[in-house]
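In what follows, a structure is listed as structure tokens, so that the remarks can point back to it.
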Amino acid sequence: MPAFFIAGVISVFVSQGAVLKYFGAQAKKWVAYTVASVSGTILAVCSCTILPLFSSIHKRGAGLGPAIAFLYSGPAINILAIILTARILGFEMGVARVIGAVVFAVVIGSVMAIIYRKEEKEKAAEQMNIDIPPEKRPLWQTAFHFFTLVFILVFANWGKPGEDVTSGGLFWLWVNKWYITSAFGVLFIYSLIFILKIKWWQVMAAAIVTAISAFVSTSPLVPMVVGMAGLSIITLLDKREPENREWTISSWDFTKQIMPLLALGVLVAGFLLGSTHDNVQMAGIIPNNWITAFVGGNSVFSNFFASIVGAFMYFATLTEVPILQGLIAAGMGKGPALALLLAGPSLSLPNMLVIRGVMGTQKTLVYVLLVVVMATISGLIYGGLF
């Protein structure tokens, strides 16, 4: 849910000039691809949570290559996933995932930009004629508002570390994740009052109701829903700053565009391949032992099969690590494991359905094919080395 409001921030508060400066068709390529390929390190997102963010920067005029690089790298390289991969699956697997994710993002984005270079030239020509209005507020204020929401998203999704991790930073952060999320919630209240200029009593009323719901409910989902509802109400009722109302409307537009396809895709993926929520793998109609039998060793077929399964299966944030741990223990080869790790988190059937609606069937097929082929090749190389 925070991801949709973050997408709304990008769409309404982040100026088109800022998006075009770092991601636009005329931006320096090394800047655009560097920012796009590493920006996912601060986002604890899955292949579906990244969609509203991708959709918003694409809508604001980002070049196809950098936008695709961001779409791939967001779920693939988030810092939580990298730490857990190295801690549970081995240091070399963690390093391979980092290198693979960054290289994939740059190469896939670059290839997509080359294939559709005629469209990119037309977009660059159009952007030369765009009259960019002056910034309404200092950049640091927009950044403060944006990153406060990002950190709420990060810590709300902070996954439980491995069973053998009983102390240290990861365990401490997991135990205190809701206190940390609440601290960023206080900063968010400051941002609403002093940056967005919403009436303080409206913000405090919504905050108090959210706090009460947190105390009376055993599920963190309840105060999250109450908080989002309160935020929606106070922004929609705000008559002083039209942007605040536009923010919530934009967030709702992304929700309507993405959620129906997302729900359908998760339903189909879960029915066929099972669920990976809460670190528990529940079998679908395709038995797990079939998958394990197909991905042993390091053949071209086993790596390709792992890439295909990873591409269509939905992994909730961070759950790919314990699932792979179980598959490796059951006989999965290291090469296919990396192939699934590079294809799985960034792709899923729900993801494909949504990005098809954003950039069309042909571009989606090319993107999926590039991910599967590169994951297969990477798995073969890694399996041969280790």
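Labeling convention for the structure tokens: chains A, B, ... as they appear, residues from 1 per chain, ligands from 1 in order of appearance.
If you count only C-alpha atoms and ignore residues fewer than 6 places along the chain from Pro260 (chain A), what sits within 10 Å of it is Pro350, Leu353 and Val354 of chain A.
Excluding region 339-347 of chain A and any residue on its chain fewer than 5 positions from it, the residues at most 6 Å away by only C-alpha atoms are A:Ser47, A:Tyr72, A:Pro75, A:Ala76, A:Ala306, A:Ser307, A:Gly310, A:Ala311, A:Ala375, A:Thr376, A:Gly379.
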Can you tell me, as a short mmCIF file (atom, residue, chain, number, x, y, z; two decimals) with C-alpha atoms, in the first residue's frame, what residues are no more than 12 Å from Val186 (chain A) when counting only C-alpha atoms, ignoring any on the same chain fewer than 3 positions away?
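That gives us around_10.cif:
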```
data_model
loop_
_atom_site.label_atom_id
_atom_site.label_comp_id
_atom_site.auth_asym_id
_atom_site.auth_seq_id
_atom_site.Cartn_x
_atom_site.Cartn_y
_atom_site.Cartn_z
CA HIS A 145 8.65 13.45 1.98
CA THR A 148 10.08 9.03 4.65
CA LEU A 149 7.50 6.97 2.76
CA ILE A 152 8.13 3.19 6.02
CA TYR A 179 8.89 0.85 16.39
CA ILE A 180 11.22 2.02 13.62
CA THR A 181 8.29 2.22 11.19
CA SER A 182 6.40 4.30 13.77
CA ALA A 183 9.37 6.67 14.13
CA ILE A 189 3.37 13.65 10.20
CA TYR A 190 5.93 16.48 10.23
CA SER A 191 6.11 16.33 6.43
CA LEU A 192 2.33 16.48 6.02
CA ILE A 193 2.03 19.53 8.28
CA VAL A 203 -3.21 15.34 10.47
CA MET A 204 -3.18 14.79 14.23
CA ALA A 207 -2.58 10.02 13.46
CA ILE A 208 -4.46 9.49 16.75
CA THR A 210 -4.21 5.22 13.50
CA ALA A 211 -2.36 4.92 16.85
#
```
Checklist line | Residues of region 17-198 of chain A in alpha helix (DSSP H), written as an NGL selection string | finding: :A and (17-23 or 29-38 or 50-59 or 64-76 or 79-84 or 91-115 or 117-128 or 139-156 or 168-175 or 177-190)
Notebook entry, point to check: Which residues come within 12 Å of Val111 (chain A), counting only C-alpha atoms, excluding same-chain residues fewer than 2 positions away, as a ChimeraX atom specification?
Noted result: /A:64-66,68-69,103-109,113-117,363,366-367,369-371,374
Checklist line | Of the listed residues A:Ala337, A:Leu385, A:Gly63, A:Lys29, that which approaches Pro322 (chain A) most closely, counting only C-alpha atoms | finding: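 That would be A:Ala337, the residue with the smallest distance to Pro322 (chain A).
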Notebook entry, point to check: Looking at A:Tyr33, A:Lys123, A:Phe271, A:Phe13, which one is nearest to Arg245 (chain A), with distances taken over only C-alpha atoms?
Noted result: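 Of the candidates, the smallest distance to Arg245 (chain A) is held by A:Phe13.
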